[in-house]
2 protein chains.
Amino acid sequence: MVVKMDKAQRIANKQKQISISEFFEKNKHFLGFDTHQRAIITAVKEAVDNSLDACEESRILPDIHVYIKRIEGGKLELITQDNGPGIPRDSIANVFGKFLLGSRFHAIRQTRGQQGIGITGVVMYSQLTTGSSTTVLSKIEAESTAVKVDLALDTKNNRALKSNEERIPMEEWFEESGMQTLHGLRIKTVMSAKYQRGRQSVHQYLRMTSIVNPHATIRLKVIGKEGEIVDEGEWVRSTSKLPRPVVEIKPHPHGMQFGTLQRMLKNTKERTVKSFLRKEFEKVSPLVAKKILEHAELDEKRRPAGLPVESIQSLLAAFMEVKIQSPPVDCLSPIEDLLIKKGLEKAIDSRYAATVTRNPSVSQGNPFQVEVGLVFGGDLPSDGTVELLRFANRVPLMYQQGGCLLTKAIESIDWRRYGLEQPGGKGVPKGPAAILVHLASTNVQFTSEAKEAVSDNEEVHDELRRALFEVGRGLQSHRKRIGQREKSREKFDLINKILPEIASKSSSMLGREPPDLSPIITKIMNAVFCEEEVIWEPREKLAKCSIKIYNYTARARAYTIIAKWPESDSTSIVQNERGGRKEARGLWAWRLDAIDPGSMASIDFTVSGLNKGDWKEAEVFYRGNGEVIGSEKIDEALLEEARKQERLQEVVEEFVVPSASTSSHQKDTVSLDSNIVSSEIWEAGDKLF
Amino acid sequence: MVVKMDKAQRIANKQKQISISEFFEKNKHFLGFDTHQRAIITAVKEAVDNSLDACEESRILPDIHVYIKRIEGGKLELITQDNGPGIPRDSIANVFGKFLLGSRFHAIRQTRGQQGIGITGVVMYSQLTTGSSTTVLSKIEAESTAVKVDLALDTKNNRALKSNEERIPMEEWFEESGMQTLHGLRIKTVMSAKYQRGRQSVHQYLRMTSIVNPHATIRLKVIGKEGEIVDEGEWVRSTSKLPRPVVEIKPHPHGMQFGTLQRMLKNTKERTVKSFLRKEFEKVSPLVAKKILEHAELDEKRRPAGLPVESIQSLLAAFMEVKIQSPPVDCLSPIEDLLIKKGLEKAIDSRYAATVTRNPSVSQGNPFQVEVGLVFGGDLPSDGTVELLRFANRVPLMYQQGGCLLTKAIESIDWRRYGLEQPGGKGVPKGPAAILVHLASTNVQFTSEAKEAVSDNEEVHDELRRALFEVGRGLQSHRKRIGQREKSREKFDLINKILPEIASKSSSMLGREPPDLSPIITKIMNAVFCEEEVIWEPREKLAKCSIKIYNYTARARAYTIIAKWPESDSTSIVQNERGGRKEARGLWAWRLDAIDPGSMASIDFTVSGLNKGDWKEAEVFYRGNGEVIGSEKIDEALLEEARKQERLQEVVEEFVVPSASTSSHQKDTVSLDSNIVSSEIWEAGDKLF
């Protein structure tokens with residue numbers, strides 16, 4: 001009998017298994033190799049990210065050199081050199097020639113690379129476009145020679161092909177690396193690519209990297225076909241403090257997926273469900289484990305491996321019912337306020353800068369933390385859209401801006417409320433500002449392997465919005481404060497100059513004694529002023545803050561003055577004659593009992609542990625009746641929230657982490673129209689005579 | 001001797017191979033499973049795309065049913081049912097349970113699925129979030145029973161685990177499928193997901209799918225926990241014509257990558273380089289092969305396998321030097337003008353619609369083709385940004401709009417020139433319009449596995465811009481024409497009504513005979529008008545086009561009138577008394593030798609092969625001196641380009657493909673202020689007496 005071939009069978013017969021290397025070769029655009037301009041940026045990015053990760057993991061201050069050379073046929077030679085730990089001989093082939101081989105895939109902590117794809121993609125792209133193999137030169141500290149080897153990719157089998165392997169003596173390593181280091185890695189490859197300057201360029205990528213990695217020194221040199229210098233850059237580290245080491249943590253019960261729990265239960269070496277819960281999860285104490293099992297109605301002696309689907313579902317439900325502490329956050333490495341500000345100032349000259357580092361939070365069991373910086377004014381162009389600087393785990397994101405959660409969060413805010421232009425109250429705002437957003441997470445969920453855009457996540461979106469609201473409010477009150485203060489100062493100056501003149505002239509005309517003007521001036525002003533100044537004392541290396549409260553009203557005034565200062569583990573208030581007390585982290589309060597009409601009270605204190613430029617403006621709040629021009633009434637609800645957060649933090653945390661704080665400084669003032677006060681002056685003059 | 005463990009070795013020891021299933025489980029957001037709302041859309045999309053592909057490949061008109069049911073615990077049950085060819089028993093496990101296994105990965109032709117990832121991702125996501133296995137019911141025509149089987153995923157080993165496999169008799173298949181078909185596929189699964197209505201929803205995805213797949217009938221039913229209907233939809237096919245079958249082609253020498261050529265040379269069964277070139281590439285004739293080898297200075301008898309790197313590089317260089325015909329384009333399946341228009345009209349009520357289907361082009365050896373549709377006016381909201389409808393290979397793209405090449409092309413056009421609002425001349429324009437963009441390609445390069453955004457590509461970008469310019473120009477001239485015509489019509493009406501009245505009144509007052517007004521009216525109007533109308537004749541099933549040219553000037557006029565008509569393989573001009581001649585594809589020309597002052601000439605012709613509503617407005621151009629209101633002077637350069645393209649097409653093509661054409665229709669007219677003409681009338685009245 002002849003069986004007619006079915007349509008379905010014809011299709012099925014064509015089924016073939018595709019190797020992961022073939023997959024990425026066909027889909028090289030998933031990895032960021034879509035255009036020739038982007039290819040070189042992606043290659044540099046993968047190499048530099050790896051260098052930074054390896055250096056930090058080995059507690060080495062990173063020195064990274066990038067050389068690019070234009071060669072014939074639309075190709076570029078790329079060399080990257082670092083002073084990292086190097087890679088042992090036996091691992092080189094796997095690291096560079098095998099996709100999906102990595103040391104960090106299953107680890108829960110913040111790193112740049114995670115998937116074991118990046119640098120293998122570079123080797124693949126070079127080979128695909130030029131047939132070139134990639135030369136790796138690696139020196140590890142434990143060995144007296146370096147290893148040099150050429151690597152190609154066996155795409156069908158997803159493995160590396162080595163050739164020309166040799167040992168290089170120390171002197172040669174010193175010479176070739178151009179670094180006097182006992183360990184490091186040098187990568188050399190040739191690819192079809194195009195070097196361009198501009199907003200999306202290697203130069204910009206390295207510049208942005210240096211902003212959020214101030215502990216790294218990075219050099220770039222780009223040579224043309226004739227040996228001419230096409231581009232260069234040097235970003236020297238501005239701090240010798242490495243980021244706090246990130247600790248690997250176990251999974252947290254919250255956000256656990258059914259399939260993951262099922263697999264963990266199957267693979268565990270623990271013999272009872274109770275010890276499984278205690279040993280393989282974060283924050284599951286014996287008591288918590290007991291409560292979970294009670295909730296799930298499971299015997300604590302049950303063997304993990306044999307658990308049926310229904311019991312796993314009960315366990316998952318119990319995870320959400322029982323109170324469990326948040327996961328530890330020492331797996332995260334935020335950039336922190338002061339460094340963001342410093343970085344932004346390095347990149348952009350502006351008048352105002354504010355930053356917010358939110359407390360760590362958790363999404364689907366993954367700890368994450370959001371940081372936002374906003375700079376305003378100065379040299380920033382005022383006609384275009386605001387510049388967005390996006391970062392994830394200290395890596396700048398250069399492409400896919402429109403499809404990124406970080407952008408969407410910015411677009412979702414009505415920036416018109418905060419004084420920026422924004423047609424329709426949606427989209428990227430316009431005006432002389434730049435917004436920096438950093439997402440630190442143990443598992444940044446990108447939209448693709450190229451890691452250029454963050455995919456949608458409600459919790460992260462909400463945290464971003466909260467941080468953006470905060471910098472927005474800061475910008476708004478900065479502009480309001482500046483405006484008020486300018487106006488009052490002008491009024492004050494005019495009154496003090498014009499009134500005495502009018503008084504003396506009219507007195508002489510009438511042949512009378514000039515009157516005492518101070519009660520009149522007070523009556524006209526009828527306001528309380530606050531002026532604040534932060535000065536850097538280079539000799540003592542102290543930041544000196546002085547706050548003055550002028551009472552130009554007819555009655556005595558009493559206030560509690562609260563100043564925001566850059567509190568951290570390394571800073572402290574050293575001189576503070578008035579004493580006062582701590583209100584919350586970064587907030588200090590003083591009670592001023594009676595400021596008489598026409599008089600002034602001052603508060604002076606100094607802060608140690610800062611560098612020049614770290615702190616330029618103290619935000620001053622007050623508690624008390626009426627308005628204080630140049631200061632803002634403190635929001636007691638917000639303050640209470642801050643105190644609660646701090647207490648919570650102290651309970652939950654076993655390690656020191658930076659707490660939520662906002663700070664801002666002001667470089668210059670905004671000029672305002674001076675006509676506003678004139679009518680009041682003449683009115684006052686009318687009353688005088 | 002104790003060797004101190006090196007930092008580098010410590011890191012290296014943690015290296016682990018990750019299976020592709022583990023990779024996608026951790027990175028489920030790459031596959032489109034980032035949020036619960038998106039998860040159900042992605043799942044439906046993967047199932048429906050597969051059904052459409054399988055049906056078209058087997059030349060079956062697709063019937064697809066989607067059922068969704070809300071169940072406890074934030075889960076949805078999803079059932080999809082099609083009348084496709086089904087999947088043979090032995091292939092089911094591989095199709096649903098193994099990543100990177102596919103029949104289309106290496107094939108060069110336009111299909112929706114290619115990677116062998118999509119539906120396995122659905123099985124994975126269901127298992128991960130709910131522990132559910134996926135039930136597959138498959139009936140192939142060659143067998144008398146159906147197969148039913150439950151599938152789970154062995155993530156560590158990237159393979160499927162089957163259970164509960166059984167055979168189902170025909171009657172039961174009929175009953176369960178709800179379809180009287182001898183072949184088909186039913187998938188049932190349960191996942192953590194959320195059903196929502198709105199712009200990004202299953203409903204919208206299916207609606208968009210029906211627009212670009214008018215040959216498919218799709219039904220949706222969504223049931224709530226209480227059995228209530230949450231949502232439903234039915235999109236019945238509007239044509240029984242399946243898209244032209246897409247043919248698989250061989251690679252084309254242009255855009256060949258070094259690595260790909262190297263692998264082809266290594267794996268070929270051909271014994272000489274010459275036969276390798278002739279057999280394994282498109283458009284390489286014996287003569288072309290000879291020229292390539294001469295250029296590369298290679299002996300044609302050389303064995304392909306042994307070729308050194310330099311020779312491969314020479315071959316690649318020769319590919320670009322020797323003239324080679326473009327690849328065949330029957331591997332593509334564009335939607336085509338009329339269907340786009342029909343689809344857009346089904347979706348959006350508008351006054352004006354224009355479409356452009358560009359000629360196929362090639363990028364990196366991959367044939368691709370761009371289509372654009374624009375609708376304007378009608379019910380479309382005029383305050384927001386223009387609605388963008390993006391499609392790739394007939395699949396609607398619902399997410400990642402901002403990061404998509406199709407969007408970027410739209411944003412790069414200065415739409416202000418074409419009458420749409422666009423702040424700064426960049427970004428998505430505003431106004432009462434919708435723009436549809438379709439990219440058909442043998443290799444759509446998406447930014448990620450989720451296939452929601454197209455990655456950057458210069459050639460595709462340029463083609464898109466050309467198509468968008470064309471619809472933009474169409475919109476502009478439509479608005480201009482409507483404006484002119486309205487204005488002239490009002491003027492004409494007023495003159496014909498008022499002048500005779502004034503004349504008769506003043507004549508009777510003066511006791512004179514009323515004067516002959518026609519030379520005066522002509523003098524006042526001093527213009528040539530064109531009016532055109534397309535009427536549908538239901539009895540004869542013909543579209544009847546009538547063009548009238550009124551000469552209201554003082555001297556005789558001569559023109560060549562050129563009308564755009566929907567020329568295709570199935571349409572023809574059947575009645576055409578004036579004769580004329582073809583100018584180019586879709587353009588017919590008539591010579592009108594002398595139209596006397598005050599007289600009118602008319603052109604009438606009918607077109608067969610159309611359906612009602614296919615053609616509603618004929619664009620009319622003229623060649624000759626002066627202006628013809630309601631018509632546009634033909635751009636000879638553009639016309640020449642169109643003729644050249646057509647000749648080129650005839651030479652290159654061996655198969656019938658649709659050629660580039662633009663067409664537009666108009667449903668309604670724009671109302672204009674009538675005050676504009678009044679002053680001229682009174683001026684004319686002044687002269688009269």
# chains A, B, ... in the order shown; residues from 1 in each chain; ligands from 1

call {"tool": "closest_atom_pairs", "arguments": {"of": "chain A", "to": "chain B", "cutoff": "7 Å", "atoms": "only C-alpha atoms", "output": "Markdown table"}}
result
| residue | atom | partner | partner_atom | distance |
| --- | --- | --- | --- | --- |
| A:Asp6 | CA | B:Ala142 | CA | 5.7 |
| A:Lys7 | CA | B:Ser58 | CA | 6.2 |
| A:Ala8 | CA | B:Pro85 | CA | 5.1 |
| A:Gln9 | CA | B:Pro88 | CA | 6.0 |
| A:Ala12 | CA | B:Ser91 | CA | 6.3 |
| A:Lys14 | CA | B:Ser103 | CA | 4.8 |
| A:Gln15 | CA | B:Ser103 | CA | 4.1 |
| A:Lys16 | CA | B:Leu101 | CA | 5.4 |
| A:Gln17 | CA | B:Leu101 | CA | 4.3 |
| A:Ile18 | CA | B:Leu100 | CA | 5.2 |
| A:His29 | CA | B:Thr447 | CA | 6.3 |
| A:Phe30 | CA | B:Ser448 | CA | 5.2 |
| A:Asp34 | CA | B:Asp456 | CA | 6.0 |
| A:Thr35 | CA | B:Asn457 | CA | 6.5 |
| A:Ser58 | CA | B:Lys7 | CA | 6.2 |
| A:Pro85 | CA | B:Ala8 | CA | 5.1 |
| A:Gly86 | CA | B:Ala8 | CA | 5.8 |
| A:Ile87 | CA | B:Ala8 | CA | 5.5 |
| A:Pro88 | CA | B:Gln9 | CA | 6.0 |
| A:Ser91 | CA | B:Ala12 | CA | 6.3 |
| A:Leu100 | CA | B:Ile18 | CA | 5.2 |
| A:Leu101 | CA | B:Gln17 | CA | 4.3 |
| A:Gly102 | CA | B:Gln15 | CA | 4.9 |
| A:Ser103 | CA | B:Gln15 | CA | 4.1 |
| A:Gln127 | CA | B:Gly259 | CA | 6.0 |
| A:Leu128 | CA | B:Gly259 | CA | 3.9 |
| A:Thr129 | CA | B:Phe258 | CA | 5.2 |
| A:Thr130 | CA | B:Phe258 | CA | 5.7 |
| A:Gly131 | CA | B:Phe258 | CA | 5.9 |
| A:Ile140 | CA | B:Ala8 | CA | 6.5 |
| A:Glu141 | CA | B:Asp6 | CA | 6.7 |
| A:Ala142 | CA | B:Asp6 | CA | 5.7 |
| A:Gln257 | CA | B:Thr129 | CA | 5.5 |
| A:Phe258 | CA | B:Thr129 | CA | 5.1 |
| A:Gly259 | CA | B:Leu128 | CA | 3.9 |
| A:Thr260 | CA | B:Leu128 | CA | 6.7 |
| A:Gln400 | CA | B:Gly403 | CA | 4.8 |
| A:Gln401 | CA | B:Gly403 | CA | 6.6 |
| A:Gly402 | CA | B:Gly402 | CA | 3.9 |
| A:Gly403 | CA | B:Gly403 | CA | 4.6 |
| A:Gln445 | CA | B:His29 | CA | 6.8 |
| A:Thr447 | CA | B:Phe30 | CA | 5.3 |
| A:Ser448 | CA | B:Ser448 | CA | 5.0 |
| A:Ser455 | CA | B:Asp34 | CA | 6.7 |
| A:Asp456 | CA | B:Asp34 | CA | 6.1 |
| A:Asn457 | CA | B:Thr35 | CA | 6.5 |

call {"tool": "write_last_selection", "arguments": {"atoms": "C-alpha atoms", "output": "compact mmCIF listing (two decimals), in the first residue's frame"}}
result
# COMPACT_ATOMS: atom_id res chain seq x y z
CA ASP A 6 0.10 14.22 4.25
CA LYS A 7 0.50 18.01 4.09
CA ALA A 8 1.19 17.98 7.82
CA GLN A 9 3.91 15.36 7.40
CA ALA A 12 7.00 18.16 9.88
CA LYS A 14 11.51 19.79 7.50
CA GLN A 15 11.94 20.25 11.27
CA LYS A 16 15.57 20.72 12.26
CA GLN A 17 17.33 21.52 15.52
CA ILE A 18 19.15 24.85 15.41
CA HIS A 29 20.64 42.14 15.74
CA PHE A 30 19.26 40.61 18.99
CA ASP A 34 22.23 45.52 13.59
CA THR A 35 24.12 48.39 11.95
CA SER A 58 38.39 40.90 42.39
CA PRO A 85 42.23 39.35 37.19
CA GLY A 86 42.69 37.77 33.74
CA ILE A 87 41.19 34.44 32.71
CA PRO A 88 42.88 31.09 33.41
CA SER A 91 38.59 28.83 30.69
CA LEU A 100 25.17 30.47 27.28
CA LEU A 101 28.14 29.62 29.43
CA GLY A 102 28.46 31.93 32.38
CA SER A 103 29.33 32.19 36.02
CA GLN A 127 34.23 35.88 12.37
CA LEU A 128 30.94 36.23 10.47
CA THR A 129 31.78 39.56 8.89
CA THR A 130 35.55 39.29 8.27
CA GLY A 131 36.56 35.69 8.90
CA ILE A 140 46.64 35.79 35.83
CA GLU A 141 48.48 36.66 39.04
CA ALA A 142 49.24 33.07 40.05
CA GLN A 257 7.25 31.04 40.30
CA PHE A 258 5.59 27.65 40.38
CA GLY A 259 8.05 26.08 37.95
CA THR A 260 11.10 27.42 39.78
CA GLN A 400 16.01 51.61 22.13
CA GLN A 401 15.16 54.67 24.21
CA GLY A 402 11.55 54.68 23.05
CA GLY A 403 10.91 51.09 24.04
CA GLN A 445 14.74 42.38 32.74
CA THR A 447 13.73 43.48 26.24
CA SER A 448 16.48 41.59 24.43
CA SER A 455 10.98 45.62 29.72
CA ASP A 456 7.69 46.45 31.43
CA ASN A 457 7.36 45.84 35.17

call {"tool": "residues_around", "arguments": {"residues": "range 171-179 of chain A", "least_positions_apart": "5", "cutoff": "8 Å", "atoms": "only C-alpha atoms", "output": "PyMOL selection string"}}
result
chain A and resi 81+83+139+145-146+186

call {"tool": "residues_around", "arguments": {"residues": "Ser201 in chain A", "least_positions_apart": "2", "cutoff": "9 Å", "atoms": "only C-alpha atoms", "output": "number ranges by chain"}}
result
A: 37-38, 40-41, 195-199, 203-206, 398

call {"tool": "write_last_selection", "arguments": {"atoms": "C-alpha atoms", "output": "PDB file, in the first residue's frame"}}
result
ATOM      1  CA  GLN A  37      27.797  52.029  13.627  1.00  0.00           C
ATOM      2  CA  ARG A  38      26.217  50.089  16.444  1.00  0.00           C
ATOM      3  CA  ILE A  40      31.543  48.711  17.336  1.00  0.00           C
ATOM      4  CA  ILE A  41      29.631  50.247  20.259  1.00  0.00           C
ATOM      5  CA  TYR A 195      33.392  54.492  13.790  1.00  0.00           C
ATOM      6  CA  GLN A 196      31.295  57.612  14.198  1.00  0.00           C
ATOM      7  CA  ARG A 197      31.157  60.391  16.736  1.00  0.00           C
ATOM      8  CA  GLY A 198      27.927  61.743  18.171  1.00  0.00           C
ATOM      9  CA  ARG A 199      25.176  60.985  20.595  1.00  0.00           C
ATOM     10  CA  HIS A 203      33.003  57.988  22.963  1.00  0.00           C
ATOM     11  CA  GLN A 204      29.603  58.741  24.453  1.00  0.00           C
ATOM     12  CA  TYR A 205      29.244  55.216  25.812  1.00  0.00           C
ATOM     13  CA  LEU A 206      32.589  55.455  27.628  1.00  0.00           C
ATOM     14  CA  MET A 398      22.413  53.882  24.321  1.00  0.00           C
TER      15      MET A 398
END

call {"tool": "residues_around", "arguments": {"residues": "Asn164 in chain B", "least_positions_apart": "5", "cutoff": "10 Å", "atoms": "only C-alpha atoms", "output": "list in words"}}
result
Thr135, Lys148, Val149, Asp150 and Leu151 of chain B

call {"tool": "write_last_selection", "arguments": {"atoms": "N, CA and C atoms", "output": "tab-separated table (two decimals), in the first residue's frame"}}
result
chain	number	residue	atom	x	y	z
B	135	THR	N	-2.24	20.78	26.71
B	135	THR	CA	-2.87	19.67	25.98
B	135	THR	C	-2.96	20.01	24.50
B	148	LYS	N	-4.31	12.99	21.07
B	148	LYS	CA	-4.43	13.92	22.18
B	148	LYS	C	-3.27	13.62	23.14
B	149	VAL	N	-2.57	14.64	23.58
B	149	VAL	CA	-1.42	14.40	24.44
B	149	VAL	C	-1.16	15.61	25.33
B	150	ASP	N	-0.70	15.34	26.57
B	150	ASP	CA	-0.31	16.42	27.50
B	150	ASP	C	1.20	16.61	27.43
B	151	LEU	N	1.64	17.86	27.35
B	151	LEU	CA	3.06	18.13	27.20
B	151	LEU	C	3.59	18.99	28.34

call {"tool": "select_by_dssp", "arguments": {"residues": "range 281-423 of chain B", "states": "helix (DSSP H, G or I)", "output": "ChimeraX atom specification"}}
result
/B:286-296,304-306,309-321,337-347,401-403,405-411,415-418,423

call {"tool": "select_by_dssp", "arguments": {"residues": "range 175-375 of chain B", "states": "strand (DSSP E)", "output": "PyMOL selection string"}}
result
chain B and resi 184-192+217-223+229-235+352-357+361-363+366-375

call {"tool": "write_last_selection", "arguments": {"atoms": "N, CA and C atoms", "output": "CSV table (one decimal), in the first residue's frame"}}
result
chain,number,residue,atom,x,y,z
B,184,GLY,N,-6.8,19.6,11.7
B,184,GLY,CA,-6.8,20.8,12.5
B,184,GLY,C,-6.0,20.6,13.8
B,185,LEU,N,-5.9,21.7,14.5
B,185,LEU,CA,-5.0,21.6,15.7
B,185,LEU,C,-5.8,22.4,16.8
B,186,ARG,N,-5.8,21.8,18.0
B,186,ARG,CA,-6.4,22.4,19.2
B,186,ARG,C,-5.4,22.4,20.3
B,187,ILE,N,-5.1,23.6,20.9
B,187,ILE,CA,-4.2,23.7,22.0
B,187,ILE,C,-4.9,24.2,23.2
B,188,LYS,N,-4.7,23.7,24.4
B,188,LYS,CA,-5.3,24.1,25.6
B,188,LYS,C,-4.3,24.2,26.7
B,189,THR,N,-4.2,25.4,27.4
B,189,THR,CA,-3.2,25.6,28.4
B,189,THR,C,-3.7,26.5,29.5
B,190,VAL,N,-3.1,26.6,30.6
B,190,VAL,CA,-3.5,27.5,31.7
B,190,VAL,C,-2.3,28.3,32.2
B,191,MET,N,-2.4,29.6,32.3
B,191,MET,CA,-1.2,30.4,32.6
B,191,MET,C,-1.6,31.6,33.5
B,192,SER,N,-0.7,32.1,34.3
B,192,SER,CA,-0.9,33.3,35.0
B,192,SER,C,-1.0,34.5,34.0
B,217,THR,N,-10.8,33.8,8.7
B,217,THR,CA,-11.9,34.0,9.6
B,217,THR,C,-11.5,33.7,11.0
B,218,ILE,N,-11.7,34.7,11.9
B,218,ILE,CA,-11.2,34.6,13.2
B,218,ILE,C,-12.3,34.9,14.2
B,219,ARG,N,-12.4,34.1,15.3
B,219,ARG,CA,-13.4,34.3,16.3
B,219,ARG,C,-12.8,34.3,17.7
B,220,LEU,N,-13.3,35.2,18.5
B,220,LEU,CA,-12.8,35.3,19.9
B,220,LEU,C,-13.9,35.3,20.8
B,221,LYS,N,-13.8,34.5,21.9
B,221,LYS,CA,-14.8,34.5,23.0
B,221,LYS,C,-14.0,34.5,24.3
B,222,VAL,N,-14.4,35.4,25.2
B,222,VAL,CA,-13.7,35.5,26.5
B,222,VAL,C,-14.8,35.4,27.6
B,223,ILE,N,-14.6,34.4,28.5
B,223,ILE,CA,-15.6,34.0,29.5
B,223,ILE,C,-15.1,34.4,30.9
B,229,ILE,N,-20.0,36.6,29.5
B,229,ILE,CA,-19.2,36.9,28.4
B,229,ILE,C,-18.4,38.2,28.7
B,230,VAL,N,-17.1,38.2,28.7
B,230,VAL,CA,-16.3,39.3,29.0
B,230,VAL,C,-16.0,40.1,27.7
B,231,ASP,N,-15.8,39.4,26.7
B,231,ASP,CA,-15.4,40.0,25.4
B,231,ASP,C,-15.7,39.0,24.3
B,232,GLU,N,-16.0,39.5,23.1
B,232,GLU,CA,-16.1,38.6,22.0
B,232,GLU,C,-15.9,39.4,20.7
B,233,GLY,N,-15.6,38.6,19.6
B,233,GLY,CA,-15.3,39.3,18.4
B,233,GLY,C,-15.4,38.3,17.3
B,234,GLU,N,-15.8,38.7,16.1
B,234,GLU,CA,-15.8,37.8,14.9
B,234,GLU,C,-15.4,38.6,13.7
B,235,TRP,N,-14.4,38.1,13.1
B,235,TRP,CA,-13.9,38.8,11.9
B,235,TRP,C,-14.0,37.8,10.7
B,352,TYR,N,-10.5,60.0,3.6
B,352,TYR,CA,-9.5,59.8,2.6
B,352,TYR,C,-8.6,58.7,2.9
B,353,ALA,N,-8.2,57.9,1.9
B,353,ALA,CA,-7.3,56.8,2.1
B,353,ALA,C,-6.4,56.7,0.9
B,354,ALA,N,-5.1,56.5,1.2
B,354,ALA,CA,-4.1,56.3,0.1
B,354,ALA,C,-3.2,55.2,0.5
B,355,THR,N,-2.7,54.4,-0.4
B,355,THR,CA,-1.8,53.3,-0.1
B,355,THR,C,-0.7,53.3,-1.1
B,356,VAL,N,0.5,52.8,-0.7
B,356,VAL,CA,1.6,52.7,-1.6
B,356,VAL,C,2.2,51.3,-1.4
B,357,THR,N,2.4,50.5,-2.4
B,357,THR,CA,3.1,49.3,-2.3
B,357,THR,C,4.4,49.4,-3.1
B,361,SER,N,12.7,45.1,-2.9
B,361,SER,CA,14.1,45.6,-2.8
B,361,SER,C,14.9,44.5,-2.1
B,362,VAL,N,16.2,44.7,-2.0
B,362,VAL,CA,17.1,43.7,-1.3
B,362,VAL,C,18.0,44.3,-0.3
B,363,SER,N,18.1,43.7,0.9
B,363,SER,CA,19.0,44.2,1.9
B,363,SER,C,19.8,43.0,2.4
B,366,ASN,N,18.6,39.7,1.4
B,366,ASN,CA,17.2,39.4,1.8
B,366,ASN,C,16.3,40.3,1.0
B,367,PRO,N,15.4,39.7,0.2
B,367,PRO,CA,14.4,40.5,-0.5
B,367,PRO,C,13.4,41.0,0.6
B,368,PHE,N,13.0,42.2,0.4
B,368,PHE,CA,12.0,42.8,1.2
B,368,PHE,C,11.1,43.8,0.5
B,369,GLN,N,9.9,44.1,1.0
B,369,GLN,CA,9.0,45.0,0.3
B,369,GLN,C,8.2,45.8,1.4
B,370,VAL,N,8.0,47.0,1.0
B,370,VAL,CA,7.4,47.9,2.0
B,370,VAL,C,6.0,48.4,1.5
B,371,GLU,N,5.1,48.4,2.4
B,371,GLU,CA,3.7,49.0,2.0
B,371,GLU,C,3.3,50.0,3.1
B,372,VAL,N,2.6,51.0,2.6
B,372,VAL,CA,2.2,52.0,3.5
B,372,VAL,C,0.7,52.4,3.2
B,373,GLY,N,-0.1,52.6,4.2
B,373,GLY,CA,-1.4,53.1,4.0
B,373,GLY,C,-1.6,54.3,4.9
B,374,LEU,N,-2.4,55.3,4.4
B,374,LEU,CA,-2.7,56.5,5.2
B,374,LEU,C,-4.2,56.8,5.1
B,375,VAL,N,-4.9,56.9,6.2
B,375,VAL,CA,-6.2,57.4,6.2
B,375,VAL,C,-6.3,58.7,6.9

call {"tool": "closest_residue", "arguments": {"among": "A:Leu610, A:Leu78, A:Tyr550, A:Leu510", "to": "Leu592 in chain A", "atoms": "only C-alpha atoms"}}
result
A:Tyr550
